[in-house]
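Structure record follows, encoded as structure tokens.
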Amino acid sequence: MNELNEKQLSAVKNFRGKMIVLAGPGSGKTTIITHKVKYLLENCNVAEKNILVITFTKAAAIEMKKRFEKIYGTNKVLFATFHSFFFKIIRSFYDLPAKNILKENERKNILKQIINSEFEIDDDFLQSISNEISLLKNDLHDINFYSSKICATDEFQKIFLAYEKYKQEKCKIDFDDILSLCYKVLTQNIAIKNFYRDRYKFILIDEFQDINRTQYECIKLLTNENLFVVGDDDQSIYKFRGASPKFLLDFPKDFPDAKIIILDKNYRSTEKIISFCGKIIAQNKNRYEKKFSGRGIIGSEPKILQFENITQQAQKISEMIKKDSAKINDTAVIFRTNIQARAFIENFMNLNIAYKLKDEFSSIYENWAVKDILAYMKFSIDNKNISALAQIINRPKRFVSKTMFAKATKKSYNVLENLFNDKSLPMWQRTYIEELIFHLNELVLKKPYDCVRYIRKIIGYDKFIKEFRWLSEILDEFQDSAKNFSDIQDFIFYAENFSAKIKNNNGGVTLTTMHSAKGLEFDTVFIISAIEGLIPHEKNYEIEEELRLFYVALTRAKNNLFISITKNRYELKAEPSRFLNIILKKEN
């Protein structure tokens with residue numbers, strides 16, 4: 001308790017009622033919760049069984065319990081996740097064994113079967129559909145009045161209803177159902193609601209900015225008198241699953257007697273970084289106003305780096321990291337989307353820089369559209385590669401049936417010539433084949449970068465996949481990766497063997513998305529491609545959330561912060577992120 005500052009101590013010693021503790025980056029929020037529980041037990045005569053501490057992940061709950069036991073000892077205070085605690089409530093009413101809960105990979109496999117596309121289903125698309133189902137449920141929406149942001153609304157409704165039917169038939173539930181079923185039990189069964197209200201007289205919640213509507217409504221039903229929530233509205237970044245800073249902002253309206261304490265001491269970052277981050281996040285309007293001070297270490301100004309393109313960006317930053325190798329284990333490269341890791345992994349391999357991936361990395365070279373492009377390139381240099389031709393013959397559509405193709409393969413190895421010479425085919429179809437032969441002859445003369453571009457723009461592959469909008473960025477990244485190669489065969493070999501070379505080391509530079517960086521801290525942080533279209537991301541219209549996400553990334557830095565800008569993104573001119581305007585205007 002002697003180590004707590006004045007505001008931390010005030011939060012800990014507040015005994016009864018509702019309280020919001022606004023805990024900014026590096027302000028010691030976990031310390032507050034553990035000491036608060038200790039204070040309730042030792043100074044307020046609260047029984048262990050009457051205290052409930054809720055956080056969002058199992059790992060966080062276990063870590064908090066361990067930290068509490070270090071300062072208090074073995075105890076019976078319940079440290080739980082929302083899902084584990086709510087499942088406990090559900091089982092008071094429903095006979096549901098834990099084995100009936102679908103795991104995330106099971107859910108994706110079911111959705112994949114339901115969608116049943118003629119194309120290989122992209123994992124990003126599956127994740128987006130899964131996230132939207134979560135959003136629908138966690139926000140307590142009615143499917144009949146819900147408009148999808150991922151695909152056509154009627155298609156999404158079909159997918160959702162088929163998924164719900166599958167679960168019902170198999171007597172399964174998913175993690176979102178745990179929340180909605182708990183809400184149903186608490187609203188319809190007064191006896192169960194009162195039992196848990198009376199049992200847990202003191203409820204403490206960590207990371208309250210990540211709460212969604214269903215969780216919030218359940219907590220309101222469970223709260224008796226004492227509710228202690230710790231969070232930071234500026235770090236609410238999970239809108240895609242229903243989280244919103246609204247619940248923190250509306251807390252004083254829902255609980256008019258609630259007290260508010262702002263922990264304004266940042267024990268992580270230098271004064272210069274804190275000031276920089278404060279200017280960035282102040283651009284948001286819907287937030288609690290806060291002003292932070294640091295450890296008294298001034299430090300150096302955050303630096304904005306400018307590069308021509310993403311290739312140069314990865315090369316130069318990798319070289320900077322190599323020169324300062326003593327800090328390699330305390331350095332992070334943070335990006336907006338997972339595919340941006342590719343350029344850095346390639347450079348780290350070349351420079352023998354150890355790295356670790358915070359996210360599950362999906363190589364762009366494993367994507368089905370990328371494999372189609374590679375198949376074009378393979379067949380252009382080897383017209384005996386029948387499997388490659390079979391993959392691309394109708395991508396884009398040339399209306400070659402399996403029967404036609406099989407017939408052509410039985411004559412001679414030159415299947416395209418056989419198709420073109422098949423007089424039973426109508427002229428318009430033979431014209432398609434003739435054009436393909438011409439294009440393949442053109443491809444073999446080109447370097448890999450120009451080859452990919454030709455397939456996309458001239459042969460028309462981009463038009464073929466236009467309904468799969470998310471693939472455009474993947475193909476742009478793939479095309480960019482071809483720049484360093486002059487020979488098609490070398491590039492194909494590299495692309496097909498890249499995944500096997502990826503090493504997720506125990507140490508080294510941390511490569512992470514902005515979402516996964518939350519909760520981490522590093523001596524040195526590089527935030528890459530702070531440009532329009534990525535920060536804020538072109539697919540997210542929630543600009544304030546995009547700014548919060550940027551803020552989360554910035555505030556991971558303890559002593560050194562670098563933000564990079566590229567003048568070009570793929571083949572287009574790039575503009576610096578609007579979030580940096582307030583800084584760039586002053587510099588100019």
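Chain lettering (A, B, ...) mirrors the order of the structure tokens, residue numbering begins at 1 for each chain separately, and ligand numbering begins at 1 in order of display.
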
Point to revise | All residues 8 Å or closer to Leu135 of chain A, only C-alpha atoms, same chain fewer than 3 positions away omitted, as a list in words | key: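 Listing them by chain and then by number gives Asn131, Glu132, Asn138, Asp139, Phe240, Arg241 and Gly242 of chain A.
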
Prev. selection, N, CA, C and O atoms, output as a tab-separated table (two decimals), in the first residue's frame:
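out_20.tsv was written with the following content:
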chain	number	residue	atom	x	y	z
A	131	ASN	N	-16.96	-12.94	-36.76
A	131	ASN	CA	-16.99	-11.72	-35.96
A	131	ASN	C	-18.35	-11.03	-36.04
A	131	ASN	O	-18.85	-10.50	-35.05
A	132	GLU	N	-18.94	-11.06	-37.25
A	132	GLU	CA	-20.22	-10.37	-37.41
A	132	GLU	C	-21.34	-11.11	-36.68
A	132	GLU	O	-22.25	-10.49	-36.13
A	138	ASN	N	-23.82	-10.14	-29.45
A	138	ASN	CA	-23.33	-9.37	-28.31
A	138	ASN	C	-23.98	-8.01	-28.18
A	138	ASN	O	-24.01	-7.43	-27.10
A	139	ASP	N	-24.50	-7.51	-29.30
A	139	ASP	CA	-25.23	-6.24	-29.27
A	139	ASP	C	-26.74	-6.43	-29.11
A	139	ASP	O	-27.51	-5.48	-29.17
A	240	PHE	N	-15.54	-4.72	-33.42
A	240	PHE	CA	-15.96	-5.83	-34.29
A	240	PHE	C	-16.61	-6.96	-33.50
A	240	PHE	O	-17.29	-7.81	-34.09
A	241	ARG	N	-16.44	-7.01	-32.18
A	241	ARG	CA	-17.14	-8.02	-31.40
A	241	ARG	C	-18.09	-7.40	-30.37
A	241	ARG	O	-18.52	-8.05	-29.44
A	242	GLY	N	-18.40	-6.12	-30.59
A	242	GLY	CA	-19.45	-5.48	-29.79
A	242	GLY	C	-18.97	-4.57	-28.68
A	242	GLY	O	-19.78	-3.91	-28.04

Practice item. Could you tell me, as a list in words, which residues of segment 401-586 of chain A DSSP assigns to strand (DSSP E) when given the backbone? Key: Val509, Thr510, Leu511, Thr512, Thr513, Phe522, Asp523, Thr524, Val525, Phe526, Ile527, Ala557, Lys558, Asn559, Asn560, Leu561, Phe562, Ile563, Ser564, Ile565, Thr566, Asn568, Arg569, Leu572 and Lys573 of chain A

Check your understanding: Counting only C-alpha atoms, what is within 10 Å of Leu389 of chain A, bar same-chain residues fewer than 4 positions away, as a VMD selection string?
Key -> chain A and resid 372 375 to 376 378 to 380 382 to 385 393 to 394 405 415 to 416

For the residues in the current selection, export N, CA, C and O atoms as a short mmCIF file (atom, residue, chain, number, x, y, z; two decimals), in the first residue's frame.
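This is the output file part24.cif:
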data_model
loop_
_atom_site.label_atom_id
_atom_site.label_comp_id
_atom_site.auth_asym_id
_atom_site.auth_seq_id
_atom_site.Cartn_x
_atom_site.Cartn_y
_atom_site.Cartn_z
N ASP A 372 -3.51 -19.11 -57.61
CA ASP A 372 -3.98 -19.01 -59.00
C ASP A 372 -2.97 -18.26 -59.85
O ASP A 372 -2.64 -18.67 -60.98
N ALA A 375 -0.07 -20.33 -60.53
CA ALA A 375 -0.38 -21.38 -61.50
C ALA A 375 -0.24 -20.83 -62.93
O ALA A 375 0.24 -21.54 -63.84
N TYR A 376 -0.68 -19.59 -63.15
CA TYR A 376 -0.49 -18.95 -64.46
C TYR A 376 1.00 -18.91 -64.81
O TYR A 376 1.42 -19.23 -65.94
N LYS A 378 3.45 -20.73 -63.57
CA LYS A 378 3.98 -22.09 -63.76
C LYS A 378 3.70 -22.60 -65.17
O LYS A 378 4.59 -23.15 -65.85
N PHE A 379 2.46 -22.42 -65.61
CA PHE A 379 2.09 -22.96 -66.93
C PHE A 379 2.76 -22.17 -68.06
O PHE A 379 3.04 -22.72 -69.11
N SER A 380 3.03 -20.89 -67.82
CA SER A 380 3.66 -20.08 -68.86
C SER A 380 5.08 -20.58 -69.17
O SER A 380 5.56 -20.44 -70.29
N ASP A 382 6.01 -23.85 -68.38
CA ASP A 382 5.96 -25.31 -68.54
C ASP A 382 4.56 -25.72 -69.00
O ASP A 382 3.67 -25.95 -68.19
N ASN A 383 4.36 -25.82 -70.31
CA ASN A 383 3.02 -26.12 -70.83
C ASN A 383 2.63 -27.60 -70.70
O ASN A 383 1.60 -28.02 -71.21
N LYS A 384 3.47 -28.37 -70.00
CA LYS A 384 3.11 -29.75 -69.68
C LYS A 384 2.50 -29.87 -68.27
O LYS A 384 2.10 -30.96 -67.86
N ASN A 385 2.47 -28.74 -67.58
CA ASN A 385 1.94 -28.72 -66.21
C ASN A 385 0.41 -28.68 -66.27
O ASN A 385 -0.21 -27.60 -66.17
N ILE A 393 -7.85 -22.53 -65.97
CA ILE A 393 -8.55 -22.52 -67.25
C ILE A 393 -9.85 -21.72 -67.20
O ILE A 393 -10.23 -21.07 -68.17
N ASN A 394 -10.52 -21.72 -66.05
CA ASN A 394 -11.77 -20.96 -65.92
C ASN A 394 -11.66 -19.83 -64.90
O ASN A 394 -12.65 -19.43 -64.30
N PHE A 405 -12.16 -30.50 -71.10
CA PHE A 405 -10.77 -30.49 -70.64
C PHE A 405 -10.20 -31.91 -70.64
O PHE A 405 -9.08 -32.15 -71.10
N VAL A 415 -2.45 -29.25 -74.30
CA VAL A 415 -3.89 -29.25 -74.07
C VAL A 415 -4.55 -28.01 -74.67
O VAL A 415 -5.64 -28.10 -75.26
N LEU A 416 -3.93 -26.86 -74.54
CA LEU A 416 -4.53 -25.63 -75.08
C LEU A 416 -4.66 -25.70 -76.60
O LEU A 416 -5.68 -25.28 -77.17
#

Practice item. If you run DSSP over the backbone, which residues in segment 226-357 of chain A end up helix (DSSP H, G or I)? Put them as a PyMOL selection string. Key: chain A and resi 233-235+239-241+246-249+251-254+271-281+310-323+325-330+338-351

Exercise for review: Can you work out which one of A:Ala557, A:Ile502, A:Val509, A:Ala343 has the shortest atom-to-atom distance to Glu271 of chain A, counting only C-alpha atoms?
Suggested key: A:Ala557

Exercise for review: Find, counting only C-alpha atoms, the residue in A:Arg213, A:Lys38, A:His141, A:Lys49 that gets nearest to Tyr200 of chain A.
Suggested key: A:Lys49

Practice item. Might you pull out every residue within 9 Å of segment 285-297 of chain A, with only C-alpha atoms counted and same-chain residues fewer than 5 positions away left off, and present them as a list of chain:residue names? Key: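 Once the nearby chain positions are removed, what remains is A:Leu22, A:Gly24, A:Asp232, A:Asp233, A:Asp234, A:Pro245, A:Lys246, A:Leu249, A:Ile262, A:Leu263, A:Asp264, A:Lys265, A:Asn266, A:Tyr267, A:Arg268, A:Ser269, A:Thr270, A:Glu271, A:Lys272, A:Ile274, A:Ser275, A:Gly278, A:Glu544.
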
Revision key, fill the gap. Restricting to only C-alpha atoms, whichever of A:Leu436, A:Ile310, A:Leu511, A:Leu161 is closest to Ile353 of chain A is A:Leu511

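Distance-wise, atom CA of Phe344 of chain A and atom CA of Lys371 of chain A end up 21.6 Å apart.
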
**Study point:** Ala61 of chain A surroundings by only C-alpha atoms, 8 Å radius, close-in-sequence under 4 positions cut, as a PyMOL selection string
**Key:** chain A and resi 54-57+65+79-81

Selection from above, N, CA and C atoms, as a compact mmCIF listing (two decimals), in the first residue's frame, can you write it?
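Output file result25.txt follows:
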# COMPACT_ATOMS: atom_id res chain seq x y z
N ILE A 54 -13.72 -10.02 -12.29
CA ILE A 54 -13.95 -10.48 -13.66
C ILE A 54 -12.97 -9.80 -14.61
N THR A 55 -12.37 -10.60 -15.48
CA THR A 55 -11.57 -10.06 -16.57
C THR A 55 -11.95 -10.79 -17.85
N PHE A 56 -11.24 -10.51 -18.95
CA PHE A 56 -11.73 -10.98 -20.25
C PHE A 56 -11.12 -12.29 -20.72
N THR A 57 -9.90 -12.57 -20.34
CA THR A 57 -9.27 -13.80 -20.81
C THR A 57 -8.88 -14.68 -19.64
N LYS A 65 -4.96 -13.57 -10.35
CA LYS A 65 -5.07 -14.40 -9.15
C LYS A 65 -3.69 -14.67 -8.55
N PHE A 79 -11.75 -15.36 -9.12
CA PHE A 79 -11.20 -14.64 -10.27
C PHE A 79 -11.68 -15.39 -11.51
N ALA A 80 -12.48 -14.76 -12.35
CA ALA A 80 -13.10 -15.47 -13.47
C ALA A 80 -13.16 -14.60 -14.71
N THR A 81 -13.34 -15.25 -15.85
CA THR A 81 -13.66 -14.53 -17.08
C THR A 81 -15.18 -14.34 -17.14

Review point. So, counting only C-alpha atoms, which residue among A:Ile321, A:Ser424, A:Gly508, A:Val452 is closest to Ala354 of chain A?
Key: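 Residue with the minimum atom-to-atom distance to Ala354 of chain A: A:Gly508.
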
Exercise for review: Write out as a PyMOL selection string the residues lying within 8 Å of Arg395 of chain A, counting only C-alpha atoms and excluding same-chain residues fewer than 4 positions away.
Suggested key: chain A and resi 372+391+461+464

Practice item. Within 12 Å of Leu445 of chain A, counting only C-alpha atoms, which residues show up once you throw out same-chain ones fewer than 2 positions away? Write them as a PyMOL selection string, please. Key: chain A and resi 377+380-381+438-443+447-451+454+486-488

Write the residues of the preceding selection, restricted to all heavy atoms, as a short mmCIF file (atom, residue, chain, number, x, y, z; two decimals), in the first residue's frame.
data_model
loop_
_atom_site.label_atom_id
_atom_site.label_comp_id
_atom_site.auth_asym_id
_atom_site.auth_seq_id
_atom_site.Cartn_x
_atom_site.Cartn_y
_atom_site.Cartn_z
N MET A 377 1.80 -18.49 -63.83
CA MET A 377 3.24 -18.35 -64.06
C MET A 377 3.89 -19.72 -64.32
O MET A 377 4.75 -19.86 -65.19
CB MET A 377 3.87 -17.66 -62.85
CG MET A 377 3.34 -16.26 -62.63
SD MET A 377 3.81 -15.54 -61.04
CE MET A 377 5.44 -14.94 -61.41
N SER A 380 3.03 -20.89 -67.82
CA SER A 380 3.66 -20.08 -68.86
C SER A 380 5.08 -20.58 -69.17
O SER A 380 5.56 -20.44 -70.29
CB SER A 380 3.71 -18.61 -68.45
OG SER A 380 4.67 -18.39 -67.42
N ILE A 381 5.74 -21.18 -68.17
CA ILE A 381 7.11 -21.68 -68.39
C ILE A 381 7.15 -23.20 -68.57
O ILE A 381 8.20 -23.77 -68.84
CB ILE A 381 8.05 -21.26 -67.23
CG1 ILE A 381 7.55 -21.78 -65.89
CG2 ILE A 381 8.23 -19.76 -67.19
CD1 ILE A 381 8.52 -21.53 -64.74
N PHE A 438 -2.12 -16.57 -76.30
CA PHE A 438 -1.38 -15.33 -76.54
C PHE A 438 -0.83 -14.76 -75.23
O PHE A 438 0.34 -14.39 -75.14
CB PHE A 438 -2.28 -14.31 -77.23
CG PHE A 438 -1.68 -12.94 -77.34
CD1 PHE A 438 -0.75 -12.65 -78.34
CD2 PHE A 438 -2.00 -11.94 -76.42
CE1 PHE A 438 -0.18 -11.39 -78.43
CE2 PHE A 438 -1.44 -10.67 -76.51
CZ PHE A 438 -0.52 -10.40 -77.51
N HIS A 439 -1.70 -14.68 -74.21
CA HIS A 439 -1.29 -14.11 -72.92
C HIS A 439 -0.17 -14.91 -72.27
O HIS A 439 0.77 -14.34 -71.72
CB HIS A 439 -2.48 -14.04 -71.96
CG HIS A 439 -3.52 -13.03 -72.34
ND1 HIS A 439 -3.20 -11.77 -72.79
CD2 HIS A 439 -4.89 -13.08 -72.32
CE1 HIS A 439 -4.31 -11.08 -73.04
NE2 HIS A 439 -5.35 -11.87 -72.76
N LEU A 440 -0.26 -16.22 -72.36
CA LEU A 440 0.77 -17.07 -71.75
C LEU A 440 2.11 -16.87 -72.45
O LEU A 440 3.17 -16.88 -71.81
CB LEU A 440 0.35 -18.54 -71.81
CG LEU A 440 -0.80 -18.91 -70.87
CD1 LEU A 440 -1.38 -20.28 -71.24
CD2 LEU A 440 -0.34 -18.91 -69.41
N ASN A 441 2.09 -16.68 -73.75
CA ASN A 441 3.32 -16.39 -74.49
C ASN A 441 3.92 -15.04 -74.10
O ASN A 441 5.14 -14.86 -74.11
CB ASN A 441 3.07 -16.42 -76.01
CG ASN A 441 2.81 -17.83 -76.50
OD1 ASN A 441 3.29 -18.80 -75.93
ND2 ASN A 441 2.04 -17.95 -77.59
N GLU A 442 3.05 -14.09 -73.74
CA GLU A 442 3.51 -12.79 -73.28
C GLU A 442 4.13 -12.89 -71.87
O GLU A 442 5.14 -12.26 -71.57
CB GLU A 442 2.34 -11.79 -73.25
CG GLU A 442 1.86 -11.35 -74.60
CD GLU A 442 2.89 -10.49 -75.32
OE1 GLU A 442 3.33 -9.47 -74.73
OE2 GLU A 442 3.28 -10.85 -76.44
N LEU A 443 3.50 -13.71 -71.03
CA LEU A 443 3.96 -13.83 -69.64
C LEU A 443 5.40 -14.31 -69.54
O LEU A 443 6.17 -13.82 -68.71
CB LEU A 443 3.05 -14.80 -68.86
CG LEU A 443 1.65 -14.32 -68.48
CD1 LEU A 443 0.93 -15.43 -67.72
CD2 LEU A 443 1.71 -13.05 -67.63
N LYS A 447 9.28 -10.08 -66.31
CA LYS A 447 9.81 -10.30 -64.96
C LYS A 447 8.63 -10.57 -64.02
O LYS A 447 7.49 -10.18 -64.32
CB LYS A 447 10.60 -9.09 -64.50
CG LYS A 447 11.91 -8.91 -65.26
CD LYS A 447 12.71 -7.73 -64.73
CE LYS A 447 14.04 -7.60 -65.47
NZ LYS A 447 14.85 -6.47 -64.97
N PRO A 448 8.88 -11.21 -62.87
CA PRO A 448 7.77 -11.61 -61.98
C PRO A 448 6.81 -10.48 -61.62
O PRO A 448 5.58 -10.68 -61.66
CB PRO A 448 8.50 -12.14 -60.75
CG PRO A 448 9.76 -12.70 -61.31
CD PRO A 448 10.17 -11.75 -62.41
N TYR A 449 7.32 -9.29 -61.29
CA TYR A 449 6.43 -8.18 -60.90
C TYR A 449 5.49 -7.83 -62.04
O TYR A 449 4.27 -7.70 -61.86
CB TYR A 449 7.26 -6.96 -60.49
CG TYR A 449 6.41 -5.75 -60.11
CD1 TYR A 449 5.96 -5.59 -58.81
CD2 TYR A 449 6.08 -4.79 -61.06
CE1 TYR A 449 5.19 -4.50 -58.44
CE2 TYR A 449 5.31 -3.69 -60.72
CZ TYR A 449 4.86 -3.55 -59.41
OH TYR A 449 4.08 -2.46 -59.06
N ASP A 450 6.06 -7.68 -63.25
CA ASP A 450 5.25 -7.33 -64.42
C ASP A 450 4.31 -8.47 -64.79
O ASP A 450 3.21 -8.25 -65.30
CB ASP A 450 6.16 -7.00 -65.61
CG ASP A 450 7.01 -5.77 -65.36
OD1 ASP A 450 6.48 -4.82 -64.72
OD2 ASP A 450 8.18 -5.75 -65.74
N CYS A 451 4.77 -9.68 -64.52
CA CYS A 451 3.96 -10.87 -64.80
C CYS A 451 2.69 -10.86 -63.95
O CYS A 451 1.58 -11.07 -64.46
CB CYS A 451 4.81 -12.10 -64.49
SG CYS A 451 4.22 -13.60 -65.26
N TYR A 454 0.34 -8.15 -65.11
CA TYR A 454 -0.28 -8.50 -66.40
C TYR A 454 -1.45 -9.46 -66.18
O TYR A 454 -2.53 -9.28 -66.77
CB TYR A 454 0.77 -9.14 -67.30
CG TYR A 454 0.32 -9.38 -68.72
CD1 TYR A 454 0.53 -8.43 -69.72
CD2 TYR A 454 -0.32 -10.58 -69.08
CE1 TYR A 454 0.13 -8.66 -71.03
CE2 TYR A 454 -0.73 -10.81 -70.38
CZ TYR A 454 -0.51 -9.85 -71.35
OH TYR A 454 -0.92 -10.08 -72.65
N SER A 486 14.03 -11.37 -60.69
CA SER A 486 14.11 -11.13 -62.14
C SER A 486 13.73 -12.38 -62.93
O SER A 486 13.48 -12.28 -64.13
CB SER A 486 15.54 -10.70 -62.52
OG SER A 486 16.48 -11.68 -62.12
N ASP A 487 13.66 -13.51 -62.25
CA ASP A 487 13.36 -14.77 -62.93
C ASP A 487 12.08 -15.38 -62.37
O ASP A 487 11.92 -15.52 -61.15
CB ASP A 487 14.53 -15.74 -62.74
CG ASP A 487 14.30 -17.07 -63.44
OD1 ASP A 487 14.50 -17.13 -64.66
OD2 ASP A 487 13.90 -18.05 -62.76
N ILE A 488 11.17 -15.77 -63.24
CA ILE A 488 9.88 -16.33 -62.83
C ILE A 488 10.06 -17.59 -62.01
O ILE A 488 9.43 -17.78 -60.97
CB ILE A 488 8.97 -16.61 -64.05
CG1 ILE A 488 8.53 -15.29 -64.71
CG2 ILE A 488 7.73 -17.40 -63.63
CD1 ILE A 488 7.69 -15.48 -65.97
#

Check your understanding: Which residue, A:Ile386, A:Ile563, A:Cys218, A:Ile114, has the smallest gap to Ile159 of chain A when you use only C-alpha atoms?
Key ->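 Closest to Ile159 of chain A of all the choices is A:Ile114.
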
Check your understanding: Quick one: of A:Leu52, A:Ile129, A:Leu181, A:Ile33, who's nearest to Asp198 of chain A, counting only C-alpha atoms?
Key ->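 Once distances to Asp198 of chain A are computed over only C-alpha atoms, the minimum belongs to A:Leu52.
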
Revision key, fill the gap. A straight line from atom CA of Lys88 of chain A to atom CA of Thr74 of chain A spans 22.1 Å
